[in-house]
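Participant: See run04.cif below, with mmCIF, C-alpha atoms and all ligand atoms.
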data_upload
loop_
_atom_site.label_atom_id
_atom_site.label_comp_id
_atom_site.auth_asym_id
_atom_site.auth_seq_id
_atom_site.Cartn_x
_atom_site.Cartn_y
_atom_site.Cartn_z
CA MET A 170 17.31 27.85 18.41
CA LEU A 171 14.58 25.20 18.36
CA VAL A 172 13.92 23.28 21.54
CA ILE A 173 13.23 19.72 20.44
CA PRO A 174 11.57 17.27 22.84
CA CYS A 175 13.44 13.97 22.79
CA PRO A 176 11.10 11.16 23.86
CA TYR A 177 13.92 9.77 26.02
CA CYS A 178 15.69 12.87 27.40
CA GLY A 179 13.07 15.61 27.32
CA PRO A 180 13.40 19.09 25.80
CA ARG A 181 16.89 19.77 24.42
CA PRO A 182 18.55 22.45 22.31
CA GLU A 183 18.52 21.90 18.55
CA LEU A 184 22.30 21.74 18.29
CA GLU A 185 22.31 18.34 20.01
CA PHE A 186 20.30 16.90 17.09
CA ARG A 187 20.69 15.94 13.45
CA TYR A 188 17.83 16.01 10.99
CA GLY A 189 16.89 12.66 9.47
CA GLY A 190 14.38 13.50 6.73
CA GLU A 191 10.76 12.50 6.32
CA ALA A 192 9.47 9.81 8.68
CA HIS A 193 7.42 6.70 7.95
CA ILE A 194 9.11 5.92 4.62
CA ALA A 195 9.16 2.13 4.57
CA ARG A 196 11.81 0.40 2.50
CA PRO A 197 10.13 -1.86 -0.09
CA GLU A 198 10.17 -5.43 1.21
CA ASP A 199 11.30 -6.89 -2.11
CA PRO A 200 13.23 -4.23 -4.06
CA SER A 201 13.95 -6.57 -6.98
CA THR A 202 10.27 -6.54 -7.94
CA LEU A 203 10.24 -2.74 -8.33
CA ASP A 204 10.81 -0.95 -11.60
CA ASP A 205 13.29 1.94 -11.72
CA GLU A 206 10.60 4.55 -11.34
CA ALA A 207 9.17 3.01 -8.17
CA TRP A 208 12.63 2.52 -6.69
CA GLY A 209 13.55 6.10 -7.56
CA ALA A 210 10.38 7.28 -5.86
CA PHE A 211 11.27 5.37 -2.69
CA LEU A 212 14.75 6.86 -2.70
CA TYR A 213 14.04 10.43 -3.64
CA LEU A 214 10.39 11.50 -3.70
CA ARG A 215 9.30 13.19 -0.49
CA SER A 216 6.10 15.03 0.39
CA ASN A 217 7.76 18.37 1.31
CA PRO A 218 4.51 19.86 2.70
CA LYS A 219 3.83 23.41 3.74
CA GLY A 220 2.35 22.62 7.14
CA LEU A 221 2.57 19.57 9.36
CA HIS A 222 5.42 17.24 8.57
CA ALA A 223 6.33 13.96 10.29
CA GLU A 224 10.11 13.77 10.27
CA ARG A 225 12.99 11.87 11.81
CA TRP A 226 15.51 13.42 14.15
CA ARG A 227 18.50 11.87 15.85
CA HIS A 228 19.56 13.04 19.30
CA ILE A 229 23.13 12.42 18.27
CA HIS A 230 24.81 14.48 21.01
CA GLY A 231 22.44 13.12 23.68
CA CYS A 232 20.97 9.64 23.89
CA ALA A 233 21.95 9.07 20.21
CA ARG A 234 18.51 7.62 19.41
CA TYR A 235 16.42 8.26 16.30
CA PHE A 236 12.86 9.34 16.95
CA ASN A 237 10.03 11.09 15.12
CA VAL A 238 8.67 14.60 15.41
CA VAL A 239 5.65 16.34 13.88
CA ARG A 240 6.69 19.89 13.02
CA ASP A 241 4.83 22.71 11.33
CA THR A 242 7.14 23.74 8.50
CA ILE A 243 5.72 27.28 8.54
CA SER A 244 6.17 28.23 12.19
CA ASP A 245 8.56 25.45 13.31
CA THR A 246 6.08 24.61 16.08
CA ILE A 247 6.66 21.02 17.22
CA LEU A 248 3.37 19.28 17.97
CA ALA A 249 4.42 15.74 18.74
CA SER A 250 7.50 13.67 19.49
CA TYR A 251 7.42 9.88 19.61
CA LYS A 252 9.66 6.83 19.54
CA VAL A 253 10.49 4.88 16.41
CA GLY A 254 7.92 2.11 15.99
CA GLU A 255 5.11 4.10 17.58
CA ALA A 256 2.15 4.99 15.37
CA LYS A 257 2.07 8.24 13.45
CA PRO A 258 -0.18 10.65 15.38
CA ASP A 259 -3.52 11.87 14.03
CA MET A 260 -2.28 14.72 11.83
CA ASP A 261 -5.74 16.32 11.49
CA ALA A 262 -6.10 16.49 15.26
CA LEU A 263 -2.65 18.07 15.51
CA ALA A 264 -3.57 20.58 12.82
CA ARG A 265 -6.61 21.65 14.88
CA ILE A 266 -4.39 22.06 17.96
CA LEU A 267 -2.00 24.16 15.94
CA ALA A 268 -4.81 26.35 14.59
CA GLY A 269 -6.04 27.11 18.11
CA GLY A 270 -2.65 27.38 19.79
CA PRO A 271 -0.53 30.37 20.74
CA ARG A 272 1.10 30.47 17.34
CA ALA A 273 -2.26 30.34 15.56
CA ALA A 274 -1.31 33.20 13.29
CA ALA A 275 1.50 31.21 11.75
CA GLY A 276 -0.59 28.04 11.66
CA GLU A 277 -3.60 29.66 10.01
CA GLU A 278 -1.66 30.73 6.94
CA LYS A 279 -2.01 27.17 5.83
CA SER A 280 -5.45 25.63 5.71
CA LYS A 281 -5.91 22.45 3.79
CA MET B 404 68.10 0.04 25.27
CA VAL B 405 64.76 -0.39 26.92
CA GLU B 406 62.20 2.21 26.05
CA THR B 407 59.54 2.94 28.60
CA ALA B 408 56.27 4.47 27.49
CA ILE B 409 55.30 7.31 29.76
CA ARG B 410 51.63 8.21 29.57
CA THR B 411 50.96 11.88 30.09
CA GLY B 412 47.55 13.35 30.69
CA ALA B 413 46.07 15.42 27.88
CA LEU B 414 45.70 18.35 30.25
CA ASP B 415 48.82 18.08 32.39
CA ALA B 416 50.56 21.09 30.91
CA LEU B 417 47.48 23.31 30.89
CA SER B 418 46.30 22.41 34.37
CA ALA B 419 49.71 23.18 35.84
CA ARG B 420 49.24 26.84 34.86
CA ALA B 421 45.58 27.19 35.85
CA PRO B 422 44.95 30.16 38.12
CA ALA B 423 43.10 29.57 41.39
CA ILE B 424 39.57 30.94 41.05
CA ALA B 425 37.39 29.86 43.95
CA ALA B 426 34.07 30.66 42.27
CA ALA B 427 34.89 28.26 39.45
CA SER B 428 37.89 26.08 40.18
CA LEU B 429 39.06 23.80 37.40
CA ARG B 430 41.04 20.60 37.86
CA THR B 431 41.81 17.39 36.04
CA CYS B 432 40.55 14.07 37.37
CA PRO B 433 42.92 11.16 37.93
CA PRO B 434 43.16 8.52 35.20
CA ALA B 435 40.29 6.03 35.25
CA SER B 436 39.10 2.81 33.66
CA ARG B 437 36.14 3.40 31.38
CA PHE B 438 33.78 1.27 29.35
CA ASN B 439 30.94 1.95 26.99
CA PHE B 440 28.31 -0.73 27.54
CA ARG B 441 25.35 -1.42 25.26
CA GLY B 442 22.96 -4.31 25.39
CA ARG B 443 19.43 -5.64 25.36
CA PRO B 444 17.27 -5.43 28.50
CA GLU B 445 18.14 -9.03 29.50
CA ALA B 446 21.78 -7.94 29.83
CA PHE B 447 21.19 -4.84 31.98
CA GLY B 448 20.86 -6.74 35.28
CA PRO B 449 23.86 -9.09 34.93
CA ALA B 450 26.02 -6.24 33.57
CA GLY B 451 25.29 -4.02 36.57
CA GLU B 452 25.81 -6.88 39.00
CA ALA B 453 29.17 -7.80 37.51
CA PHE B 454 30.31 -4.18 37.38
CA GLY B 455 29.19 -3.51 40.93
CA VAL B 456 26.73 -0.70 40.18
CA ALA B 457 23.14 -1.37 39.10
CA LEU B 458 22.74 0.37 35.73
CA PRO B 459 20.32 3.28 36.19
CA GLN B 460 17.19 2.81 34.08
CA THR B 461 16.01 6.40 34.47
CA ALA B 462 17.06 8.66 31.62
CA CYS B 463 20.06 10.90 32.28
CA ARG B 464 20.88 9.59 35.73
CA ALA B 465 24.13 8.32 37.22
CA ALA B 466 24.58 5.76 39.99
CA SER B 467 27.67 5.16 42.11
CA GLU B 468 28.87 2.38 44.37
CA SER B 469 32.26 2.11 46.08
CA GLY B 470 34.12 4.35 43.66
CA ARG B 471 32.49 2.93 40.53
CA HIS B 472 30.01 4.88 38.46
CA ALA B 473 27.41 4.00 35.82
CA LEU B 474 26.15 6.92 33.74
CA TRP B 475 23.02 6.56 31.60
CA LEU B 476 23.81 7.76 28.08
CA GLY B 477 20.91 6.24 26.15
CA PRO B 478 18.10 3.72 26.68
CA ASP B 479 20.53 0.86 26.02
CA GLU B 480 23.87 2.59 26.61
CA TRP B 481 25.95 3.46 29.68
CA LEU B 482 29.35 4.93 30.43
CA LEU B 483 31.04 2.92 33.17
CA ILE B 484 33.83 4.54 35.19
CA ALA B 485 36.11 2.79 37.69
CA GLY B 486 39.54 3.20 39.22
CA ASP B 487 42.67 3.27 37.08
CA GLY B 488 44.03 -0.19 36.27
CA GLU B 489 40.78 -2.05 36.97
CA ALA B 490 39.75 -2.44 33.34
CA ALA B 491 41.06 -5.96 32.73
CA GLU B 492 39.38 -7.35 35.83
CA ILE B 493 36.09 -5.60 35.05
CA ALA B 494 36.10 -6.79 31.44
CA ALA B 495 36.73 -10.39 32.45
CA LYS B 496 34.02 -10.33 35.09
CA MET B 497 31.43 -8.68 32.88
CA GLU B 498 32.19 -10.88 29.89
CA SER B 499 31.65 -14.03 31.92
CA ALA B 500 28.43 -12.67 33.46
CA LEU B 501 27.16 -11.74 30.00
CA ALA B 502 28.01 -14.97 28.20
CA GLY B 503 25.23 -15.76 25.73
CA LEU B 504 23.62 -12.31 26.03
CA PRO B 505 24.06 -10.02 23.00
CA HIS B 506 25.89 -6.87 24.10
CA SER B 507 28.89 -4.69 23.41
CA LEU B 508 31.47 -3.74 25.99
CA VAL B 509 34.15 -1.40 24.69
CA GLU B 510 37.00 -0.17 26.80
CA VAL B 511 37.40 3.59 26.35
CA SER B 512 39.69 4.30 29.32
CA HIS B 513 42.07 6.40 27.28
CA ARG B 514 39.59 7.83 24.80
CA ASN B 515 38.30 10.18 27.46
CA THR B 516 39.91 12.46 29.93
CA ALA B 517 37.92 14.01 32.75
CA LEU B 518 37.92 17.33 34.49
CA GLU B 519 35.91 18.88 37.25
CA ILE B 520 34.68 22.38 37.70
CA GLU B 521 33.52 23.45 41.12
CA GLY B 522 32.32 26.63 42.74
CA SER B 523 29.37 29.01 42.97
CA HIS B 524 29.77 29.93 39.27
CA ALA B 525 30.49 26.43 37.94
CA ALA B 526 27.14 26.20 36.14
CA ASP B 527 27.60 29.67 34.64
CA VAL B 528 30.96 28.71 33.24
CA ILE B 529 29.50 25.57 31.62
CA ASN B 530 26.61 27.63 30.27
CA SER B 531 29.11 29.80 28.42
CA GLY B 532 29.22 27.01 25.85
CA CYS B 533 26.24 24.80 26.62
CA PRO B 534 22.60 25.92 26.40
CA LEU B 535 21.16 23.31 28.78
CA ASP B 536 19.13 24.58 31.72
CA LEU B 537 21.50 23.87 34.61
CA SER B 538 19.17 25.07 37.36
CA ALA B 539 18.93 22.58 40.23
CA LYS B 540 15.36 21.79 39.20
CA ALA B 541 16.05 21.01 35.55
CA PHE B 542 19.48 19.44 36.07
CA PRO B 543 19.60 18.05 39.63
CA VAL B 544 22.53 16.44 41.39
CA GLY B 545 23.03 12.95 39.93
CA MET B 546 21.93 13.96 36.44
CA CYS B 547 24.26 13.23 33.55
CA THR B 548 24.00 13.54 29.80
CA ARG B 549 25.91 13.71 26.60
CA THR B 550 25.70 17.23 25.27
CA ILE B 551 27.66 19.89 23.42
CA PHE B 552 30.14 22.34 24.92
CA HIS B 553 30.98 24.94 22.29
CA LYS B 554 31.90 22.62 19.37
CA ALA B 555 32.88 19.55 21.38
CA GLU B 556 30.73 16.67 22.53
CA ILE B 557 31.05 16.05 26.28
CA VAL B 558 29.40 14.00 28.98
CA LEU B 559 28.26 16.36 31.70
CA TRP B 560 27.55 15.01 35.18
CA ARG B 561 26.42 17.04 38.17
CA ILE B 562 28.15 15.45 41.15
CA ALA B 563 27.10 18.06 43.71
CA GLU B 564 25.14 21.28 43.57
CA ASN B 565 28.18 23.31 42.55
CA ARG B 566 30.37 20.57 41.17
CA PHE B 567 30.34 19.10 37.66
CA ARG B 568 32.44 16.42 36.00
CA LEU B 569 33.08 16.65 32.27
CA GLU B 570 34.12 13.56 30.37
CA VAL B 571 35.84 14.79 27.22
CA TRP B 572 37.40 12.98 24.30
CA ARG B 573 41.14 13.22 24.75
CA SER B 574 41.74 15.09 21.50
CA PHE B 575 39.09 17.68 22.45
CA ALA B 576 40.38 18.15 25.99
CA ALA B 577 42.72 21.07 25.40
CA TYR B 578 40.00 22.89 23.46
CA VAL B 579 37.38 22.34 26.18
CA TRP B 580 39.84 23.33 28.87
CA ALA B 581 40.72 26.55 27.06
CA GLN B 582 37.06 27.50 26.65
CA LEU B 583 36.37 26.83 30.34
CA GLU B 584 39.47 28.76 31.32
CA GLU B 585 38.40 31.76 29.31
CA ALA B 586 34.87 31.73 30.75
CA ARG B 587 35.88 31.30 34.37
CA ARG B 588 38.40 34.13 34.37
CA GLU B 589 35.42 36.43 34.48
CA TYR B 590 34.89 35.24 38.05
CA GLY B 591 38.52 35.64 39.12
CA ALA B 592 39.39 37.72 42.12
ZN ZN A 601 17.63 11.91 23.77
#
Would you mind writing the file out in structure tokens?

Facilitator:
Amino acid sequence: MLVIPCPYCGPRPELEFRYGGEAHIARPEDPSTLDDEAWGAFLYLRSNPKGLHAERWRHIHGCARYFNVVRDTISDTILASYKVGEAKPDMDALARILAGGPRAAAGEEKSK
Amino acid sequence: MVETAIRTGALDALSARAPAIAAASLRTCPPASRFNFRGRPEAFGPAGEAFGVALPQTACRAASESGRHALWLGPDEWLLIAGDGEAAEIAAKMESALAGLPHSLVEVSHRNTALEIEGSHAADVINSGCPLDLSAKAFPVGMCTRTIFHKAEIVLWRIAENRFRLEVWRSFAAYVWAQLEEARREYGA
């Protein structure tokens, strides 16, 4: 089971959480000006990276808040956890931490 | 013919047959008045003052004052517990103190039922269905949180070193009780 650090409650077991998809997807301010393709991209196109991924989680069986996590999709290592509204962390810096960390083997499979 | 509604506790029948196990004794708590309070920071102070317990601002902490309890559930959400039959008075007092401040105050007195588990193996019994670290360091006395017990959401509150209160949704209560009962029998005499 993953241990996910909630920015409000601290480290908690995965089963208290629900996944919320990719983070930092802003809803277009004026949807009526978008063509179908652009609207479809907002709704459905996601980056799906092999490596670091900024994603939303909800601590539904805890404080019930949404927050953001940066997770390595290869090793499931969680490198950052931050509140909604806070800036996305420096992903390159996190990638360097991952490469040098205890799970370096998993992290090094992916070099971009 | 006058019909009188008789309210029975969700666990009355089960608790009547519970064996005495000192290392993990299980009992139901008396009926209580309960509210779920949510609001903006401007409302936290007046809400606590009107309720009679300052709402704890520290994550996962409970505060008590003269038989009333405020349990932190989220950064803008608390579970308020008071004596049975006090709900109307509390609601009126809080609503007048919070006039003009956006908030929600929902009475959930009968949504929940509460039980307590006490004894040297109380934490072990809870850990049979809840993976939280319940060591005194990670989960000290006064800590409370929503969490999961087996498949049911509960609010877990450590009242004393070996004593926990579980706030359970009424419809989940028999399930939670049965799981606790099964786990604690391991520690029976
Ligand atoms: Zn949380």

Participant: List as JSON lines every residue of chain B that is in contact with chain A, defined as an atom at most 6 Å from one of its atoms (using only C-alpha atoms), together with the nearest atom pair and the distance in Å rounded to one decimal, sorted by chain and then rising number.

Facilitator:
{"residue": "B:Leu476", "atom": "CA", "partner": "A:Cys232", "partner_atom": "CA", "distance": 5.4}
{"residue": "B:Gly477", "atom": "CA", "partner": "A:Cys232", "partner_atom": "CA", "distance": 4.1}
{"residue": "B:Arg549", "atom": "CA", "partner": "A:Gly231", "partner_atom": "CA", "distance": 4.6}
{"residue": "B:Thr550", "atom": "CA", "partner": "A:His230", "partner_atom": "CA", "distance": 5.1}

Participant: With all atoms listed in the file as the basis for distance, which of B:His472, B:Arg588, B:Lys540, B:His524 is at the shortest distance from Arg437 (chain B)?

Facilitator: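 Between B:His472, B:Arg588, B:Lys540, B:His524, the residue approaching Arg437 (chain B) most closely is B:His472.
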
Participant: Between B:Cys547, B:Val405, B:Ala446, B:Ala494, which one has atoms that come closest to ligand ZN 601 (chain A), using all atoms listed in the file?

Facilitator: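 Of B:Cys547, B:Val405, B:Ala446, B:Ala494, the one nearest ligand ZN 601 (chain A), counting all atoms listed in the file, is B:Cys547.
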
Participant: Could you name the residues that touch Ala192 (chain A) at 7 Å or less, counting only C-alpha atoms, but leaving out those on the same chain fewer than 3 positions away, as number ranges by chain?

Facilitator: A: 223-225, 237

Participant: Using only C-alpha atoms and all ligand atoms for the distances, tell me which of A:Phe236, A:His193, A:Asp241, A:Val172 is nearest to ligand ZN 601 (chain A).

Facilitator: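 Among the listed residues, A:Phe236 lies closest to ligand ZN 601 (chain A).
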
Participant: For Gly220 (chain A), please output as a ChimeraX atom specification all residues within 6 Å (counting all atoms listed in the file; exclusion window: fewer than 2 positions along the same chain).

Facilitator: /A:218,241-243
